[in-house]
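Colleague: Just one file: structure-v6.txt, with compact mmCIF, C-alpha atoms and all ligand atoms.
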```txt
# COMPACT_ATOMS: atom_id res chain seq x y z
CA MET U 1049 49.53 -121.55 -232.54
CA ARG U 1050 52.89 -119.81 -232.27
CA LYS U 1051 53.10 -116.11 -232.77
CA ILE U 1052 55.65 -113.82 -234.40
CA SER U 1053 56.01 -110.14 -233.49
CA LEU U 1054 57.50 -107.67 -235.94
CA ILE U 1055 58.97 -104.48 -234.52
CA VAL U 1056 59.15 -101.66 -237.06
CA PRO U 1057 60.92 -98.43 -236.02
CA CYS U 1058 59.64 -95.55 -238.14
CA TYR U 1059 60.97 -92.04 -238.46
CA ASN U 1060 59.43 -89.99 -241.27
CA GLU U 1061 58.48 -93.04 -243.29
CA LYS U 1062 55.19 -91.95 -244.82
CA GLU U 1063 56.35 -92.82 -248.34
CA ALA U 1064 57.68 -96.26 -247.51
CA LEU U 1065 55.05 -97.49 -245.02
CA PRO U 1066 52.26 -98.45 -247.44
CA PHE U 1067 54.70 -100.58 -249.49
CA PHE U 1068 56.03 -102.18 -246.37
CA TYR U 1069 52.64 -102.97 -244.90
CA ASN U 1070 51.28 -104.54 -248.08
CA GLU U 1071 54.36 -106.66 -248.62
CA VAL U 1072 54.55 -107.91 -245.05
CA LYS U 1073 50.83 -108.74 -244.96
CA LYS U 1074 51.14 -110.66 -248.19
CA ILE U 1075 54.00 -112.73 -246.87
CA LEU U 1076 52.70 -113.37 -243.37
CA ASP U 1077 49.24 -114.34 -244.59
CA GLN U 1078 50.84 -117.08 -246.65
CA ILE U 1079 52.54 -118.83 -243.76
CA GLU U 1080 50.76 -120.60 -240.96
CA ILE U 1081 51.58 -118.48 -237.98
CA ASP U 1082 49.83 -115.91 -235.85
CA TYR U 1083 51.45 -112.50 -235.94
CA GLU U 1084 51.43 -108.92 -234.72
CA ILE U 1085 53.10 -105.87 -236.26
CA LEU U 1086 54.25 -103.30 -233.73
CA PHE U 1087 55.05 -99.96 -235.34
CA VAL U 1088 57.15 -97.61 -233.24
CA ASN U 1089 56.74 -94.03 -234.37
CA ASP U 1090 59.96 -92.35 -233.32
CA GLY U 1091 58.70 -88.76 -233.20
CA SER U 1092 58.14 -88.43 -236.96
CA LYS U 1093 57.50 -84.97 -238.31
CA ASP U 1094 55.44 -86.15 -241.27
CA GLU U 1095 52.16 -88.12 -241.42
CA THR U 1096 53.73 -91.44 -240.36
CA LEU U 1097 51.59 -91.68 -237.23
CA GLU U 1098 48.34 -91.04 -239.12
CA ILE U 1099 49.20 -93.81 -241.57
CA ILE U 1100 50.01 -96.23 -238.77
CA LYS U 1101 46.75 -95.38 -236.99
CA GLU U 1102 44.86 -96.13 -240.17
CA PHE U 1103 46.49 -99.58 -240.37
CA ASN U 1104 45.58 -100.11 -236.73
CA LYS U 1105 41.94 -99.18 -237.30
CA LYS U 1106 41.35 -101.69 -240.07
CA ASP U 1107 43.73 -104.41 -238.87
CA GLU U 1108 43.67 -105.85 -235.37
CA LYS U 1109 47.13 -107.34 -235.84
CA VAL U 1110 48.68 -103.89 -235.99
CA ARG U 1111 49.71 -102.22 -232.74
CA TYR U 1112 51.64 -99.01 -232.32
CA ILE U 1113 53.70 -96.95 -229.94
CA SER U 1114 54.28 -93.28 -230.58
CA PHE U 1115 57.09 -91.41 -228.83
CA SER U 1116 56.88 -87.88 -227.49
CA ARG U 1117 59.88 -86.91 -229.62
CA ASN U 1118 62.64 -88.49 -231.73
CA PHE U 1119 64.61 -90.82 -229.44
CA GLY U 1120 66.57 -92.64 -232.16
CA LYS U 1121 66.32 -96.10 -233.68
CA GLU U 1122 67.97 -97.78 -230.69
CA ALA U 1123 65.28 -96.47 -228.33
CA ALA U 1124 62.57 -97.46 -230.81
CA MET U 1125 63.88 -101.02 -230.99
CA TYR U 1126 64.10 -101.19 -227.20
CA ALA U 1127 60.50 -99.98 -226.83
CA GLY U 1128 59.53 -102.73 -229.24
CA PHE U 1129 61.40 -105.42 -227.32
CA CYS U 1130 59.76 -104.30 -224.06
CA ASN U 1131 56.25 -104.55 -225.47
CA VAL U 1132 55.99 -107.55 -227.78
CA LYS U 1133 54.09 -110.72 -226.98
CA GLY U 1134 55.15 -113.21 -229.66
CA ASP U 1135 57.19 -116.41 -229.28
CA TYR U 1136 59.46 -115.08 -232.00
CA VAL U 1137 60.43 -111.46 -232.41
CA ALA U 1138 61.90 -109.69 -235.43
CA VAL U 1139 63.11 -106.12 -235.94
CA MET U 1140 62.62 -104.69 -239.42
CA ASP U 1141 63.26 -101.34 -241.09
CA ALA U 1142 60.24 -99.72 -242.67
CA ASP U 1143 62.02 -99.02 -245.96
CA MET U 1144 62.15 -102.66 -247.17
CA GLN U 1145 65.94 -102.77 -247.02
CA ASP U 1146 65.25 -105.68 -244.70
CA PRO U 1147 63.36 -107.79 -247.24
CA PRO U 1148 60.16 -109.24 -245.74
CA SER U 1149 60.51 -112.08 -248.25
CA LEU U 1150 63.27 -113.53 -246.06
CA LEU U 1151 60.87 -114.03 -243.14
CA PRO U 1152 59.51 -117.48 -244.09
CA GLU U 1153 63.03 -118.86 -244.45
CA MET U 1154 64.14 -117.31 -241.16
CA LEU U 1155 61.12 -118.74 -239.37
CA ASN U 1156 61.78 -122.12 -240.86
CA ILE U 1157 65.38 -122.12 -239.64
CA ILE U 1158 64.51 -121.07 -236.11
CA GLN U 1159 61.66 -123.57 -235.83
CA THR U 1160 63.40 -126.58 -237.26
CA GLN U 1161 67.00 -126.09 -236.22
CA ASN U 1162 68.58 -125.52 -232.90
CA TYR U 1163 69.18 -121.77 -233.17
CA ASP U 1164 68.12 -118.94 -230.86
CA SER U 1165 68.26 -116.31 -233.53
CA VAL U 1166 68.54 -115.88 -237.27
CA ALA U 1167 70.39 -112.73 -238.22
CA THR U 1168 70.91 -111.19 -241.62
CA ARG U 1169 74.04 -109.93 -243.25
CA ARG U 1170 74.46 -107.93 -246.41
CA VAL U 1171 77.01 -109.50 -248.71
CA ASN U 1172 77.45 -106.33 -250.74
CA ARG U 1173 76.89 -102.65 -250.22
CA GLU U 1174 75.72 -101.74 -253.70
CA GLY U 1175 73.90 -98.46 -253.97
CA GLU U 1176 75.73 -97.01 -250.99
CA PRO U 1177 78.22 -94.11 -251.25
CA PRO U 1178 81.76 -95.61 -251.47
CA VAL U 1179 83.09 -93.43 -248.62
CA ARG U 1180 80.41 -94.76 -246.33
CA SER U 1181 81.20 -98.38 -247.24
CA TRP U 1182 84.90 -97.80 -246.70
CA PHE U 1183 84.43 -96.34 -243.23
CA ALA U 1184 81.92 -99.04 -242.33
CA ARG U 1185 84.39 -101.76 -243.23
CA LYS U 1186 87.20 -100.17 -241.22
CA PHE U 1187 84.86 -99.74 -238.27
CA TYR U 1188 83.89 -103.43 -238.18
CA ARG U 1189 87.48 -104.52 -238.42
CA LEU U 1190 88.51 -102.23 -235.56
CA ILE U 1191 85.67 -103.03 -233.20
CA ASN U 1192 86.14 -106.76 -233.60
CA LYS U 1193 89.77 -106.41 -232.68
CA ILE U 1194 89.19 -104.40 -229.54
CA SER U 1195 85.99 -105.73 -228.02
CA ASP U 1196 84.36 -108.94 -226.76
CA ALA U 1197 81.19 -108.52 -228.72
CA ASP U 1198 81.67 -110.10 -232.09
CA ILE U 1199 80.05 -107.89 -234.67
CA ILE U 1200 79.92 -109.16 -238.21
CA ASP U 1201 80.62 -106.84 -241.14
CA GLY U 1202 77.43 -106.09 -242.98
CA ALA U 1203 75.29 -107.28 -240.07
CA ARG U 1204 71.85 -105.67 -240.07
CA ASP U 1205 69.60 -105.06 -237.12
CA PHE U 1206 67.13 -107.27 -238.99
CA ARG U 1207 66.97 -110.52 -237.05
CA LEU U 1208 64.48 -113.02 -235.75
CA MET U 1209 64.88 -114.13 -232.14
CA ARG U 1210 63.25 -116.41 -229.64
CA LYS U 1211 61.38 -114.64 -226.85
CA ASP U 1212 63.86 -115.74 -224.14
CA MET U 1213 66.68 -114.01 -226.01
CA VAL U 1214 64.55 -110.87 -226.25
CA ASP U 1215 63.91 -111.01 -222.49
CA VAL U 1216 67.66 -110.98 -221.92
CA ILE U 1217 68.02 -107.96 -224.21
CA VAL U 1218 65.28 -106.15 -222.29
CA SER U 1219 67.10 -106.90 -219.04
CA MET U 1220 70.17 -105.07 -220.33
CA GLN U 1221 69.10 -101.64 -219.21
CA GLU U 1222 72.06 -99.55 -220.32
CA TYR U 1223 71.06 -96.13 -221.56
CA ASN U 1224 73.70 -95.89 -224.31
CA ARG U 1225 72.48 -98.74 -226.46
CA PHE U 1226 74.34 -100.24 -229.37
CA SER U 1227 72.19 -103.18 -230.35
CA LYS U 1228 74.61 -104.79 -232.78
CA GLY U 1229 77.04 -105.06 -229.87
CA ILE U 1230 74.38 -106.24 -227.42
CA PHE U 1231 73.21 -109.04 -229.74
CA GLY U 1232 76.79 -110.29 -230.05
CA TRP U 1233 77.69 -109.81 -226.39
CA ILE U 1234 74.83 -111.86 -224.93
CA GLY U 1235 75.86 -114.88 -226.95
CA PHE U 1236 73.24 -117.51 -227.92
CA ARG U 1237 73.38 -119.47 -231.15
CA THR U 1238 72.94 -117.32 -234.20
CA TYR U 1239 72.44 -118.42 -237.78
CA TRP U 1240 73.75 -115.87 -240.32
CA LEU U 1241 71.68 -115.46 -243.42
CA PRO U 1242 73.42 -113.57 -246.25
CA TYR U 1243 71.48 -111.52 -248.78
CA GLU U 1244 72.05 -108.93 -251.48
CA ASN U 1245 71.69 -105.30 -250.48
CA ARG U 1246 68.53 -103.49 -251.60
CA GLU U 1247 67.93 -99.79 -251.91
CA ARG U 1248 65.12 -98.27 -249.89
CA VAL U 1249 61.74 -98.25 -251.70
CA ALA U 1250 60.86 -94.64 -250.95
CA GLY U 1251 61.85 -91.71 -248.76
CA GLU U 1252 65.39 -90.92 -247.67
CA THR U 1253 67.97 -92.37 -245.32
CA LYS U 1254 67.96 -90.80 -241.85
CA TRP U 1255 71.71 -91.23 -241.45
CA ASN U 1256 74.35 -88.78 -242.59
CA ILE U 1257 78.10 -89.31 -242.29
CA TRP U 1258 78.29 -87.35 -239.04
CA LYS U 1259 75.48 -89.36 -237.38
CA LEU U 1260 77.14 -92.60 -238.53
CA PHE U 1261 80.50 -91.45 -237.19
CA LYS U 1262 78.98 -90.73 -233.79
CA TYR U 1263 77.24 -94.10 -233.88
CA ALA U 1264 80.57 -95.83 -234.60
CA ILE U 1265 82.30 -94.03 -231.73
CA ASP U 1266 79.41 -95.01 -229.43
CA GLY U 1267 79.80 -98.61 -230.50
CA ILE U 1268 83.49 -98.62 -229.67
CA ILE U 1269 83.14 -96.85 -226.34
CA ASN U 1270 80.22 -99.00 -225.22
CA PHE U 1271 81.95 -102.27 -225.96
CA SER U 1272 85.65 -101.73 -225.45
CA GLU U 1273 87.94 -100.42 -222.76
CA ILE U 1274 90.98 -100.48 -225.01
CA PRO U 1275 90.90 -96.74 -225.87
CA LEU U 1276 90.91 -96.03 -222.15
CA ASN U 1277 94.07 -98.09 -221.72
CA PHE U 1278 95.72 -96.26 -224.58
CA ALA U 1279 96.77 -93.39 -222.28
CA SER U 1280 98.57 -95.64 -219.82
CA TRP U 1281 100.35 -97.64 -222.53
CA PHE U 1282 101.47 -94.53 -224.27
CA GLY U 1283 102.52 -92.99 -220.95
CA MET U 1284 104.67 -96.04 -220.21
CA LEU U 1285 106.27 -95.93 -223.63
CA MET U 1286 107.02 -92.23 -223.29
CA THR U 1287 108.60 -92.76 -219.86
CA LEU U 1288 110.86 -95.43 -221.26
CA VAL U 1289 111.86 -93.32 -224.25
CA SER U 1290 112.54 -90.24 -222.11
CA PHE U 1291 114.65 -92.32 -219.74
CA LEU U 1292 116.83 -93.53 -222.62
CA PHE U 1293 117.02 -89.98 -223.91
CA LEU U 1294 118.16 -88.82 -220.46
CA ILE U 1295 121.01 -91.32 -220.44
CA PHE U 1296 121.97 -90.22 -223.95
CA ILE U 1297 122.11 -86.55 -222.90
CA ILE U 1298 124.18 -87.27 -219.77
CA VAL U 1299 126.67 -89.38 -221.73
CA ARG U 1300 126.93 -86.73 -224.42
CA LYS U 1301 127.53 -84.01 -221.80
CA ILE U 1302 130.29 -86.03 -220.13
CA CYS U 1303 132.04 -86.95 -223.38
CA PHE U 1304 131.55 -83.83 -225.52
CA GLY U 1305 130.66 -80.94 -223.21
CA ASP U 1306 127.49 -78.89 -223.70
CA PRO U 1307 127.07 -76.93 -226.92
CA VAL U 1308 123.91 -74.79 -226.60
CA ALA U 1309 121.40 -76.26 -228.95
CA GLY U 1310 118.09 -77.98 -228.93
CA TRP U 1311 115.39 -75.33 -228.87
CA ALA U 1312 113.59 -76.80 -231.86
CA SER U 1313 113.69 -80.34 -230.56
CA THR U 1314 112.40 -79.20 -227.14
CA ILE U 1315 109.42 -77.42 -228.68
CA CYS U 1316 108.66 -80.44 -230.87
CA ILE U 1317 108.63 -82.72 -227.87
CA ILE U 1318 106.46 -80.38 -225.80
CA VAL U 1319 103.92 -79.98 -228.57
CA PHE U 1320 103.85 -83.69 -229.29
CA ILE U 1321 103.39 -84.71 -225.66
CA GLY U 1322 100.82 -81.96 -225.19
CA GLY U 1323 98.83 -83.32 -228.12
CA ILE U 1324 98.94 -86.87 -226.79
CA GLN U 1325 97.83 -85.69 -223.35
CA LEU U 1326 94.86 -83.78 -224.70
CA PHE U 1327 93.88 -86.73 -226.88
CA SER U 1328 94.04 -89.12 -223.93
CA MET U 1329 92.01 -86.75 -221.81
CA GLY U 1330 89.46 -86.55 -224.60
CA ILE U 1331 89.12 -90.33 -224.57
CA ILE U 1332 88.67 -90.36 -220.81
CA GLY U 1333 86.13 -87.58 -221.22
CA GLN U 1334 84.11 -89.72 -223.65
CA TYR U 1335 83.85 -92.49 -221.08
CA ILE U 1336 82.96 -90.07 -218.29
CA ALA U 1337 80.22 -88.61 -220.46
CA LYS U 1338 78.78 -92.12 -220.84
CA ILE U 1339 78.97 -92.72 -217.09
CA TYR U 1340 77.18 -89.42 -216.60
CA THR U 1341 74.27 -90.29 -218.88
CA GLU U 1342 74.02 -93.81 -217.42
CA SER U 1343 73.97 -92.54 -213.84
CA LYS U 1344 71.02 -90.25 -214.45
CA HIS U 1345 68.79 -93.27 -215.07
CA ARG U 1346 66.58 -91.43 -217.47
CA PRO U 1347 63.98 -93.45 -219.36
CA HIS U 1348 65.00 -94.82 -222.77
CA TYR U 1349 61.81 -93.51 -224.29
CA ILE U 1350 58.62 -91.65 -223.46
CA VAL U 1351 55.35 -92.72 -225.03
CA LYS U 1352 52.85 -90.07 -226.01
CA GLU U 1353 50.19 -92.41 -227.29
CA ALA U 1354 49.81 -96.10 -228.03
CA SER U 1355 47.34 -98.58 -229.46
CA ASP U 1356 46.66 -100.39 -226.17
CA GLU U 1357 46.82 -100.10 -222.42
CA LYS U 1358 49.48 -102.78 -222.02
CA ILE U 1359 52.22 -100.63 -223.51
CA LYS U 1360 54.63 -99.28 -220.94
CA ARG U 1361 54.52 -95.50 -221.04
CA VAL U 1362 58.05 -94.79 -219.85
CA HIS U 1363 60.86 -97.30 -219.59
N1 LIG U 1401 64.76 -94.76 -237.71
C1 LIG U 1401 64.19 -94.45 -236.48
N2 LIG U 1401 64.66 -93.36 -235.78
C2 LIG U 1401 65.68 -92.57 -236.25
C3 LIG U 1401 66.27 -92.92 -237.49
C4 LIG U 1401 65.80 -94.01 -238.18
O1 LIG U 1401 63.28 -95.14 -236.02
O2 LIG U 1401 66.03 -91.61 -235.57
C5 LIG U 1401 64.26 -95.92 -238.48
C6 LIG U 1401 63.86 -95.61 -239.91
O3 LIG U 1401 62.53 -95.17 -239.99
C7 LIG U 1401 64.05 -96.96 -240.60
C8 LIG U 1401 65.22 -97.57 -239.82
O4 LIG U 1401 65.30 -96.86 -238.59
O5 LIG U 1401 62.92 -97.80 -240.46
C9 LIG U 1401 66.54 -97.46 -240.59
O6 LIG U 1401 66.75 -96.12 -241.00
P1 LIG U 1401 67.35 -95.75 -242.44
O7 LIG U 1401 66.70 -96.58 -243.48
O8 LIG U 1401 67.25 -94.28 -242.55
O9 LIG U 1401 68.85 -96.20 -242.23
P2 LIG U 1401 69.82 -96.89 -243.32
O10 LIG U 1401 69.08 -98.05 -243.91
O11 LIG U 1401 70.12 -95.83 -244.32
O12 LIG U 1401 71.02 -97.31 -242.54
MG MG U 1402 67.30 -98.02 -244.71
```
Once more with this new file: its structure as structure tokens, please.
Modeller:
Amino acid sequence: MRKISLIVPCYNEKEALPFFYNEVKKILDQIEIDYEILFVNDGSKDETLEIIKEFNKKDEKVRYISFSRNFGKEAAMYAGFCNVKGDYVAVMDADMQDPPSLLPEMLNIIQTQNYDSVATRRVNREGEPPVRSWFARKFYRLINKISDADIIDGARDFRLMRKDMVDVIVSMQEYNRFSKGIFGWIGFRTYWLPYENRERVAGETKWNIWKLFKYAIDGIINFSEIPLNFASWFGMLMTLVSFLFLIFIIVRKICFGDPVAGWASTICIIVFIGGIQLFSMGIIGQYIAKIYTESKHRPHYIVKEASDEKIKRVH
């Protein structure tokens, strides 16, 4: 019989986990497929790990990985991908914003049609602060313009994939991971399943505006070189403009002499160019910082304890 593996990254999810577990069990027990649920405890500070261990004790289909500290959702997903055994693999949030009720339909699509993955997309963002939605929309528009990875607006990390696609994802060892970009970049045939947004069942979101902003910048820098080219384009434009300006000044001097003026305009130009230069250097700095973290080859995650021996301790 075929097997499906669910990867569930959890960070301080003690309120939501019991709901999630019950719901998923109910749904998976109804369909004819073998399954495993792999909880990844991402250094939670509450009793998340104890709850997961309890599930593991009474249910042999539950496995777990527990990190030595909080490594972030990207690392948790990666740890999951590295350690699952199923023919199909799905990533799901613990807060039920990725409705488990969609699983049977997703499985059906991947088993009967010629797709390598079934991904989900929120068609609305109800229940989300309007500022957050606005920035999210702008971000998706921008990143699709300037990078190869096509990233769909409203795309969730919730998706079901064949194992060979997961193996490719595992082989992409970059340290700065942006999974939405990786999924799009590797290609494969993806079916997009739309659904209405849900609010989390319990607990609180782990993302504030600042964390999301950093995540968006990471996404852009990891999947586009356009910002890096910005400096050279702007430099070229400035050279051209200053050349024309030079001709203008020479002609004016020859025709009208040289009245002493221009302090204000000089300062404006110096300040403006100075600003652009600092900005460009900042962009270059962002890329260098990424190169720096990549070149250290640090592990993506460190496991403190796990349900079985087969789980890779550092990777
Ligand atoms: N999560 C995680 N590590 C983190 C932050 C979040 O594993 O550092 C998990 C979290 O437990 C949840 C999922 O990632 O299962 C999505 O987080 P959340 O619901 O807070 O994000 P949102 O739905 O608000 O975007
Ligand atoms: Mg959520």
Colleague: Around all the atoms of stretch 1299-1314 of chain U listed in the file, with 6 Å of room on each side, what axis-aligned box do you get, giving centre and edge lengths in Å to one decimal, as lines of an AutoDock Vina configuration file?
Modeller:
```
center_x = 122.2
center_y = -82.1
center_z = -226.0
size_x = 31.6
size_y = 26.6
size_z = 23.7
```
Colleague: Ligand MG 1402 (chain U): which residues are within 8 Å, counting only C-alpha atoms and all ligand atoms, as JSON, numbers by chain?
Modeller: {"U": [1141, 1142, 1143, 1144, 1145, 1146, 1247, 1248, 1252, 1253, 1254]}
Colleague: Report the distance between atom CA of U:Phe1119 and atom CA of U:Ile1257 in Å, rounded to one decimal place.
Modeller: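 Value for the atom CA of U:Phe1119-atom CA of U:Ile1257 distance: 18.7 Å.
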Colleague: Between stretch 1112-1139 of chain U and stretch 1262-1279 of chain U, at 12 Å or less, what are the per-residue closest atom pairs and their distances in Å? Count only C-alpha atoms, order by chain and rising residue number, and return it as CSV.
Modeller:
```
residue,atom,partner,partner_atom,distance
U:Gly1120,CA,U:Tyr1263,CA,10.9
U:Lys1121,CA,U:Tyr1263,CA,11.1
U:Glu1122,CA,U:Tyr1263,CA,10.5
```
Colleague: Please tabulate, as a tab-separated table, the residues of chain U that come within 10 Å of ligand LIG 1401 (chain U), each with its closest pair of atoms and the distance in Å to one decimal, counting all atoms listed in the file and ordering rows by chain, then residue number upward.
Modeller:
```
residue	atom	partner	partner_atom	distance
U:Ile1055	CA	U:LIG1401	O5	9.8
U:Val1056	CA	U:LIG1401	O5	6.4
U:Pro1057	CA	U:LIG1401	O1	4.0
U:Cys1058	CA	U:LIG1401	O3	3.5
U:Tyr1059	CA	U:LIG1401	O3	3.8
U:Asn1060	CA	U:LIG1401	O3	6.2
U:Glu1061	CA	U:LIG1401	O3	5.6
U:Lys1062	CA	U:LIG1401	O3	9.4
U:Ala1064	CA	U:LIG1401	O5	8.9
U:Leu1065	CA	U:LIG1401	O5	9.1
U:Phe1087	CA	U:LIG1401	O1	9.6
U:Val1088	CA	U:LIG1401	O1	7.2
U:Asn1089	CA	U:LIG1401	O1	6.8
U:Asp1090	CA	U:LIG1401	O1	5.1
U:Gly1091	CA	U:LIG1401	N2	8.0
U:Ser1092	CA	U:LIG1401	N2	8.3
U:Thr1096	CA	U:LIG1401	O3	9.6
U:Arg1117	CA	U:LIG1401	O2	9.8
U:Asn1118	CA	U:LIG1401	O2	6.0
U:Phe1119	CA	U:LIG1401	O2	6.3
U:Gly1120	CA	U:LIG1401	O2	3.6
U:Lys1121	CA	U:LIG1401	N2	3.8
U:Glu1122	CA	U:LIG1401	N2	7.5
U:Ala1123	CA	U:LIG1401	O1	8.1
U:Ala1124	CA	U:LIG1401	O1	5.7
U:Met1125	CA	U:LIG1401	O1	7.8
U:Val1139	CA	U:LIG1401	O5	9.5
U:Met1140	CA	U:LIG1401	O5	7.0
U:Asp1141	CA	U:LIG1401	O5	3.6
U:Ala1142	CA	U:LIG1401	O5	4.0
U:Asp1143	CA	U:LIG1401	O5	5.7
U:Met1144	CA	U:LIG1401	O5	8.3
U:Gln1145	CA	U:LIG1401	O10	6.5
U:Asp1146	CA	U:LIG1401	O10	8.6
U:Glu1176	CA	U:LIG1401	O11	8.8
U:Arg1204	CA	U:LIG1401	O12	8.8
U:Asp1205	CA	U:LIG1401	C9	8.9
U:Phe1206	CA	U:LIG1401	C8	9.9
U:Arg1246	CA	U:LIG1401	O10	9.4
U:Glu1247	CA	U:LIG1401	O10	8.3
U:Arg1248	CA	U:LIG1401	O7	6.8
U:Val1249	CA	U:LIG1401	O7	9.7
U:Ala1250	CA	U:LIG1401	O7	9.7
U:Gly1251	CA	U:LIG1401	O8	8.6
U:Glu1252	CA	U:LIG1401	O8	6.4
U:Thr1253	CA	U:LIG1401	O8	3.4
U:Lys1254	CA	U:LIG1401	O8	3.6
U:Trp1255	CA	U:LIG1401	O8	5.5
U:Asn1256	CA	U:LIG1401	O11	8.4
U:Lys1259	CA	U:LIG1401	C3	9.9
U:Leu1260	CA	U:LIG1401	O12	8.7
```
Colleague: Which of these residues is nearest to U:Cys1130, using all atoms listed in the file: U:Ile1191, U:Val1362, U:Leu1151, U:Ile1331?
Modeller: U:Val1362
Colleague: Restricting the calculation to all atoms listed in the file: of U:Ser1116, U:Asn1224, U:Gln1334, U:Gln1078, which residue gets closest to U:Pro1152?
Modeller: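 Of U:Ser1116, U:Asn1224, U:Gln1334, U:Gln1078, the one nearest U:Pro1152 is U:Gln1078, counting all atoms listed in the file.
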Colleague: Counting all atoms listed in the file, what is within 7 Å of stretch 1133-1138 of chain U, bar same-chain residues fewer than 5 positions away, as a PyMOL selection string?
Modeller: chain U and resi 1050-1055+1206-1211
Colleague: Restricting the calculation to all atoms listed in the file: of U:Gly1202, U:Pro1148, U:Gly1310, U:Gly1323, which residue gets closest to U:Arg1173?
Modeller: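 Among the listed residues, the smallest separation from U:Arg1173 belongs to U:Gly1202.
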Colleague: With only C-alpha atoms as the basis for distance, which of U:Ile1350, U:Trp1281, U:Phe1236, U:Gly1229 is at the shortest distance from U:Val1216?
Modeller: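 Comparing U:Ile1350, U:Trp1281, U:Phe1236, U:Gly1229 against U:Val1216, the winner is U:Phe1236.
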